[in-house]
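A.B. asks: Submitted below is the structure of interest, expressed as structure tokens.
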2 protein chains.
Amino acid sequence: MDPVRLIVIGGDAAGMSAASQARKRRGREDLEILAFERGDFTSYSACGIPYWIGGLVEGPDGLIARDPAAFREAGIEVRTGHEVTGIDLDSRTVTVRDLAGGRVLREGFDELVYAAGATPVRPVWAQTPAGGVFGVQTLGDGAAVDAWLDSTPKPETAVVIGAGYIGVEMAEALIRRGLRVTCVEKADQPMSTVDPDMGALVAEAVRKLGIDLRTGVTVQGLETREDRVSAVVTDAGTLPADIVVLGLGVRPNTELAEAAGLPLGSSGGLVPDLRQRVGDGGVWAAGDCTEVLHLVTGRRVHIPLGTHANKQGRVAGINIGGGYATFPGVIGTGITKICDLEVARTGLTSREASAAGYRFVTATVESTNRAGYFPGAVPMTIKLIAERDTGLLLGAQIVGRTEAAKRIDAFAVALWNRMTVTEMTALDLGYAPPYAPVWDPVLIAARKAGEALSAG
Amino acid sequence: MDPVRLIVIGGDAAGMSAASQARKRRGREDLEILAFERGDFTSYSACGIPYWIGGLVEGPDGLIARDPAAFREAGIEVRTGHEVTGIDLDSRTVTVRDLAGGRVLREGFDELVYAAGATPVRPVWAQTPAGGVFGVQTLGDGAAVDAWLDSTPKPETAVVIGAGYIGVEMAEALIRRGLRVTCVEKADQPMSTVDPDMGALVAEAVRKLGIDLRTGVTVQGLETREDRVSAVVTDAGTLPADIVVLGLGVRPNTELAEAAGLPLGSSGGLVPDLRQRVGDGGVWAAGDCTEVLHLVTGRRVHIPLGTHANKQGRVAGINIGGGYATFPGVIGTGITKICDLEVARTGLTSREASAAGYRFVTATVESTNRAGYFPGAVPMTIKLIAERDTGLLLGAQIVGRTEAAKRIDAFAVALWNRMTVTEMTALDLGYAPPYAPVWDPVLIAARKAGEALSAG
């Protein structure tokens, strides 16, 4: 019997995790795997790009987990520089263009993994033929930014548009590269993924880095000179910019899937079931092109993160390989570092909890990462959100300097298990003076939230 | 009406937490609080003593959270240097000796908190009138060690007996103070709170510090010279020792409680109910003198830790104050640091799981604290234990260099909530390159344990 043929669209985290897991469970005589990747790289850490640009990490090679040769050796054929341009679910074929040679192929499949990722949002005003305007999503994008920074004339000023995770991380990277950096944000705070009071701590850290952070500012257009970007025009003046980085989020790459008749969710992402299936059979989707179930709100949301992509890809691959696995959803955990400021969140912010219709209380505490008397003890701030009538933890946010943000995991596991903040006060967490005060900040926050419930 | 009178026996974490919580809920006109402490200090961090002796922390004052004057100001009368020598539950009085003046008082109570702590185990061979042999439990013990290290003739050699948390921490402290240190342990590994394979990593780190660690060695006696200890005699030779530190564990101080007719558990600790009540009414116990319920084995165990003492004391105090709170139990979380080696555990070790009768699988993984390419990425080892038939997580152990051990909290919260290792693979933990590989070590360990279950 001929082997089953699996085609994978997209050679990054989700697609290649699926391929690897399927290969692990089914031998070559049983399963043929062919992956197409539009860009030049496979299985890389897009999250590492700001650190590469900032010079902390060797790129692009350092960010690649597994290259096409390694996949080939493992029995997974990968063709980079190949863009899938059409999917026919009836005839079970894809159309593929070889971007170098221009050749167009048709390839048949039995199983299909759609893992085409996402693309940075680029408003109409940013759609210029001039050079120097970048989204940062693929390793190719990173290489383009890196090359531009070394181009002639050498860029001296940068404007980063959007002060979310990528915006702030790229602003820091560009400061490290010696540029004068302005970061423009439409909202009144950077990092709208945390509450305004926590965002204020982020704003302070961003400004301390020497980044000119301007909130409440709307971008209206770009100016160019000799085919290079030269300035960003805003409702609060014109900002010189030899390079512009877009940090306005990404949208799922689902045009092909939609054209093939696969249904999309309200965010434009595919809507896989628990086993990552889409459509009628033999079609799977994973990663940034999909929506995920938010386990706190019960809503489908688009949260493009490498950690979700890897898990979804693994689940799809196990199922393709004849195993059984599910991806239940997410709870909105996020974490980042701005210079030495650690920022993390899980669950819902106040804004998100309100939008979801929750009645809640909040509690904010100041504590330290280590016993107050221990060398290296520094402050951290934790804010909790708990449902008023049930006491259930709904969300947590942390801002601190060291050994702070990863404490979000304790909250994430508690939230995942629907703990109340009062139950949390009894948790048996690790205590020793180099690691925590005798009441860990996590427990202090839970106590304070419990008190807020009693008071409220 | 006269105020209710609360007497607290023991002025450290458990007792003073109870006093503080009770005071918070009931005013002075309603509740009189009188605490007796045998030693000179109140509410201190005994866990910090090794860091004080090692010179990392200013002691003893730096280790005191709240002194008698501060308690007095808050409406809590504390008498240090006062030892309670008898409890009469019928007449509801305690007998107290003023250790300085020798005066004996009788004081009546309505409510009683028994929080007398624990005392280092001192075998018959260690009961010598000679100086230089110390257990390390109270701040007074710490002061005595500190003074001895500066005494004449200045101690040059140290033997620490027992290589558990306190033993290893004190051995490191004594190395920092410039002594030649031998650490003697009866078992075949240091830190028997982790499995032998993890213990081997600890042994390596201990030896790298320059500590002469000798496992599988039994102590037989002490030698003394001119009223000072001079050597430790073992079944593997005699070791010179100008100071001997006992790290053989502690036993609950419950003689008084037993004499008063309060029932003890098999470890000799008091057995409070969920609200920390012992006996028939108005009597409470908390801290190192009590047993706690181990939520994984369902057994009552003696795990004397400041973090439990604080929680139990708080629960007792809330209840005394007219509120409602419970202390459900513990899951055996422990954490320590040996130089830069981080060690943590939660739940059950292999030995403990066997003893409890579990059928289980284990899985050990190597991963890194940060993305492999990120500066400062170093290895860590995680070992998981999962019940074979259910897949429930039973225990976790971590050994690493930095940002490793506190990951135990994610396992602790998962274990607390009775998660299976397979459920754990979906957890939405914080991911960004400075904090974790895209698969956090916690998730990699859960995956590996899941695979061990399938294989096993």
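Residue numbering restarts at 1 in every chain; chains get A, B, ... in the order shown in the structure tokens, and ligands count up from 1 in that same order.
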I need the chain B residues near chain A as an MDAnalysis selection string; criterion: at most 7 Å, counting only C-alpha atoms.
C.D. replies: chainID B and resid 47:48 56:57 62:63 306:307 327 330:331 333:336 373:375 406 408:410 412:414 417 426:433 438:439
A.B. asks: Quick check for you: according to DSSP on this backbone, which residues of range 127-345 of chain B are classed as strand (DSSP E or B)? Reply as a ChimeraX atom specification.
C.D. replies: /B:131,133-135,157-161,180-185,212-215,219-225,228-235,237-240,243-246,250-252,264,270,277,283-285,290,292-294,300-301,330,334-338,341-345
A.B. asks: Do you know which residues are at most 9 Å from Leu384 in chain B counting only C-alpha atoms, after dropping those on the same chain fewer than 3 positions away, and could you put them as a list in words?
C.D. replies: Thr349, Val361, Thr362, Ala363, Thr364, Val365, Leu393, Leu394, Gly395, Ala396, Gln397, Ile398, Val421, Ala445, Ala446, Lys448 and Ala449 of chain B
A.B. asks: List the neighbours of Arg106 in chain A out to 8 Å using only C-alpha atoms; skip same-chain residues closer than 2 positions along the sequence, and give me the result as an mmCIF file with all heavy atoms, in the first residue's frame.
C.D. replies:
data_model
loop_
_atom_site.group_PDB
_atom_site.id
_atom_site.type_symbol
_atom_site.label_atom_id
_atom_site.label_comp_id
_atom_site.auth_asym_id
_atom_site.auth_seq_id
_atom_site.Cartn_x
_atom_site.Cartn_y
_atom_site.Cartn_z
ATOM 1 N N THR A 93 -5.658 18.442 -3.359
ATOM 2 C CA THR A 93 -4.372 18.887 -3.904
ATOM 3 C C THR A 93 -4.099 20.321 -3.450
ATOM 4 O O THR A 93 -5.018 21.073 -3.130
ATOM 5 C CB THR A 93 -4.365 18.895 -5.455
ATOM 6 O OG1 THR A 93 -5.486 19.675 -5.913
ATOM 7 C CG2 THR A 93 -4.442 17.496 -6.026
ATOM 8 N N VAL A 94 -2.819 20.653 -3.406
ATOM 9 C CA VAL A 94 -2.430 22.052 -3.216
ATOM 10 C C VAL A 94 -1.638 22.502 -4.444
ATOM 11 O O VAL A 94 -0.989 21.689 -5.106
ATOM 12 C CB VAL A 94 -1.574 22.269 -1.948
ATOM 13 C CG1 VAL A 94 -2.382 21.975 -0.697
ATOM 14 C CG2 VAL A 94 -0.309 21.430 -1.987
ATOM 15 N N THR A 95 -1.720 23.805 -4.708
ATOM 16 C CA THR A 95 -0.910 24.403 -5.761
ATOM 17 C C THR A 95 0.227 25.148 -5.066
ATOM 18 O O THR A 95 -0.010 25.866 -4.095
ATOM 19 C CB THR A 95 -1.741 25.420 -6.565
ATOM 20 O OG1 THR A 95 -3.015 24.841 -6.821
ATOM 21 C CG2 THR A 95 -1.046 25.762 -7.859
ATOM 22 N N VAL A 96 1.430 24.939 -5.583
ATOM 23 C CA VAL A 96 2.604 25.496 -4.903
ATOM 24 C C VAL A 96 3.470 26.225 -5.913
ATOM 25 O O VAL A 96 3.711 25.719 -7.006
ATOM 26 C CB VAL A 96 3.447 24.363 -4.263
ATOM 27 C CG1 VAL A 96 4.564 24.944 -3.408
ATOM 28 C CG2 VAL A 96 2.584 23.415 -3.468
ATOM 29 N N VAL A 104 5.225 26.307 -11.003
ATOM 30 C CA VAL A 104 4.032 26.007 -10.220
ATOM 31 C C VAL A 104 3.776 24.502 -10.237
ATOM 32 O O VAL A 104 3.794 23.876 -11.303
ATOM 33 C CB VAL A 104 2.799 26.756 -10.769
ATOM 34 C CG1 VAL A 104 1.536 26.317 -10.027
ATOM 35 C CG2 VAL A 104 2.998 28.261 -10.631
ATOM 36 N N GLY A 108 -0.624 16.306 -4.351
ATOM 37 C CA GLY A 108 -1.780 15.692 -3.696
ATOM 38 C C GLY A 108 -1.492 15.397 -2.230
ATOM 39 O O GLY A 108 -0.336 15.240 -1.837
#
A.B. asks: Looking at B:Asp12, B:Asp146, B:Glu111, B:Glu29, which one is nearest to Phe71 in chain B, with distances taken over only C-alpha atoms?
C.D. replies: B:Asp12
A.B. asks: Work out how far apart CA of His294 in chain B and CA of Ala14 in chain B are and give it in Å to one decimal.
C.D. replies: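 CA of His294 in chain B sits 18.8 Å away from CA of Ala14 in chain B.
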A.B. asks: Give me, please, the distance in Å between CA of Thr215 in chain B and CA of Asp242 in chain B, quoted to one decimal.
C.D. replies: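 Atom-to-atom, CA of Thr215 in chain B and CA of Asp242 in chain B are spaced 20.7 Å apart.
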A.B. asks: To one decimal in Å, tell me the separation between CA of Gly282 in chain A and CA of Glu255 in chain A.
C.D. replies: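 Straight-line distance from CA of Gly282 in chain A to CA of Glu255 in chain A works out to 19.3 Å.
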